[in-house]
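One structure below.
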Amino acid sequence: MKSPIRNEKLKKLTILTGICACLIIIPIAIITGIVRAASGPEEVPAVSVEDIVSPTETTLAEGEVTSKGYKIEVVDGVTFINGILVVNKTYSLPKNYNPGGLTEDTQKAFEKMREAANKEGIRLWVQSGFRSYDRQKELYDRYNEERGTEYADAYSARPGYSEHQSGLSFDVNEAGTNFEETKEGQWIEKHAHEYGFIIRFPEGKAKFTGYEFEPWHLRYVGEELAKELTDNDLCLEEYLGITSEYK
Ligand SMILES: [Zn+2]
């Protein structure tokens, strides 16, 4: 038989344990509830795109103005800035954009340049002119497969992002880094702008153009702009105040 005193002690101990348990369990339950409520979807603050991407990194779109004050216009998916058709790593052409070859102006300007060069004993030819979206895809995929994405992106364009698709660009003579050292390459560097062409990816401008130096890749922009860009040592991205980066 248990003694009454011992029974009394047991009762007190049970009550005390109960109180202690309540003191511990209740705050835990409250804290857990608060944490759960805070992590619930209705409590997550809305983060806008502006908070993540600073305005300078945002791609400029139709109707906006570049950092140099030029208005961006998009016509049937083709971007024009200050009236200049722009294709680079930021601004692409629609898949079905296909002028069917070099534009008439580009062709005419090249013929004029070729004849002038010929008179000085310099022979020029178009090594690679217009390329369709599908042709560019084949080329890029091959580079990517053989040499990796980093190389492919430095020297080739992803389909839809090649200026060759515009019919305003072509590679003259040989697409090789020693072209600048040949007499043809030196003639191009000195005279191309007189015929409305720019060396589209000049030396030391990769951070603006998104491409390494390509002394053979010419772009037709017209004589006036070609002269202005060449005289001031500006690439098209610097002149227009735009980026050239894949999204
Ligand atoms: Zn090219």
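Note on naming: chains are A, B, ... as they come in the structure tokens, residues start from 1 per chain, ligands start from 1 in the order shown.
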
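Excluding A:Thr182 itself and any same-chain residue fewer than 4 positions from it, the protein and nucleic acid residues within 12 Å of it, counting only C-alpha atoms, are Ile122, Arg123, Leu124, Asn173, Glu174, Ala175, Gly176, Thr177, Asn178, Gln186, Trp187, Ile188, Glu189, Pro215 and Trp216 of chain A.
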
Expected file contents, prior selection, N, CA and C atoms, as a compact mmCIF listing (two decimals), in the first residue's frame:
```txt
# COMPACT_ATOMS: atom_id res chain seq x y z
N ILE A 122 44.17 45.37 -106.90
CA ILE A 122 43.62 44.63 -105.75
C ILE A 122 42.37 43.88 -106.21
N ARG A 123 42.40 42.59 -106.02
CA ARG A 123 41.25 41.80 -106.46
C ARG A 123 40.35 41.47 -105.27
N LEU A 124 39.08 41.89 -105.38
CA LEU A 124 38.13 41.64 -104.29
C LEU A 124 37.00 40.74 -104.76
N ASN A 173 36.75 38.32 -99.64
CA ASN A 173 37.95 37.49 -99.86
C ASN A 173 38.06 36.31 -98.91
N GLU A 174 38.83 36.46 -97.83
CA GLU A 174 39.01 35.29 -96.97
C GLU A 174 38.70 35.60 -95.51
N ALA A 175 37.89 34.74 -94.93
CA ALA A 175 37.53 34.92 -93.52
C ALA A 175 38.61 34.26 -92.66
N GLY A 176 39.71 34.98 -92.50
CA GLY A 176 40.81 34.46 -91.68
C GLY A 176 41.47 35.62 -90.97
N THR A 177 42.02 35.36 -89.80
CA THR A 177 42.56 36.47 -89.00
C THR A 177 43.76 37.16 -89.64
N ASN A 178 44.42 36.49 -90.61
CA ASN A 178 45.57 37.16 -91.24
C ASN A 178 45.15 38.03 -92.43
N GLN A 186 44.40 45.32 -96.23
CA GLN A 186 44.81 46.69 -95.92
C GLN A 186 44.07 47.72 -96.78
N TRP A 187 43.80 47.32 -98.01
CA TRP A 187 43.04 48.21 -98.90
C TRP A 187 41.62 48.40 -98.35
N ILE A 188 41.01 47.32 -97.91
CA ILE A 188 39.65 47.36 -97.34
C ILE A 188 39.62 48.27 -96.11
N GLU A 189 40.60 48.10 -95.25
CA GLU A 189 40.64 48.91 -94.03
C GLU A 189 40.71 50.40 -94.35
N PRO A 215 38.21 41.39 -89.76
CA PRO A 215 38.54 42.39 -90.79
C PRO A 215 37.88 42.13 -92.14
N TRP A 216 37.28 40.96 -92.31
CA TRP A 216 36.68 40.58 -93.60
C TRP A 216 35.16 40.79 -93.66
```

With only C-alpha atoms and all ligand atoms counted, collect every polymer residue having an atom within 8 Å of ligand 1; state the result as an NGL selection string. :A and (128-129 or 156 or 163-164 or 169-171 or 175 or 214 or 216-218)

Find the residues around A:Glu245 up to 10 Å (only C-alpha atoms counted), leave out those fewer than 6 positions away in its own chain, and share them as a ChimeraX atom specification. /A:57,59,88-91,207-211

Run DSSP on the backbone and tell me which residues of stretch 120-189 of chain A come out as strand (DSSP E or B); list them as a list in words. Val126, Gln127, Ser128, Ser169, Phe170, Asp171 and Val172 of chain A

Write out as a ChimeraX atom specification the residues lying within 6 Å of stretch 66-74 of chain A, counting only C-alpha atoms and excluding same-chain residues fewer than 6 positions away. /A:80-82,240-241

Which of A:Ala109, A:Ala116, A:Leu139, A:Val87 sits closest to A:Tyr220 [using only C-alpha atoms]: A:Ala109

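Shortest separation to A:Pro94 among A:Arg135, A:Pro202, A:Gln165, A:Trp125 occurs at residue A:Gln165, atoms counted being only C-alpha atoms.
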
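Considering only C-alpha atoms, the residue among A:Phe179, A:Tyr161, A:Tyr151, A:Phe197 positioned nearest to A:Cys235 is A:Phe197.
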
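Ranking A:Ile199, A:Leu168, A:Val86, A:Ala157 by their shortest atom-to-atom distance to A:Glu104, with only C-alpha atoms included, puts A:Leu168 first.
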
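For the set A:Ala226, A:Ala61, A:Leu234, A:Ala152, the residue with the smallest atom-to-atom gap to A:Gly204 is A:Leu234, counting only C-alpha atoms.
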
Top pick for closest residue to A:Tyr97, considering A:Lys205, A:Arg158, A:Arg131, A:His193 and counting only C-alpha atoms: A:Arg131

Do a neighbour search on A:Glu223 at 9 Å with only C-alpha atoms, toss out local chain neighbours closer than 4 positions, and write the hits as an NGL selection string. :A and (193-197 or 227-228)

Grab the residues selected above and save them as an mmCIF file, in the first residue's frame with C-alpha atoms.
```cif
data_model
loop_
_atom_site.group_PDB
_atom_site.id
_atom_site.type_symbol
_atom_site.label_atom_id
_atom_site.label_comp_id
_atom_site.auth_asym_id
_atom_site.auth_seq_id
_atom_site.Cartn_x
_atom_site.Cartn_y
_atom_site.Cartn_z
ATOM 1 C CA HIS A 193 34.060 53.417 -95.933
ATOM 2 C CA GLU A 194 34.416 55.453 -99.145
ATOM 3 C CA TYR A 195 31.931 53.013 -100.683
ATOM 4 C CA GLY A 196 29.510 52.914 -97.746
ATOM 5 C CA PHE A 197 30.926 49.903 -95.899
ATOM 6 C CA LYS A 227 32.598 57.882 -93.066
ATOM 7 C CA GLU A 228 31.329 59.170 -89.727
#
```
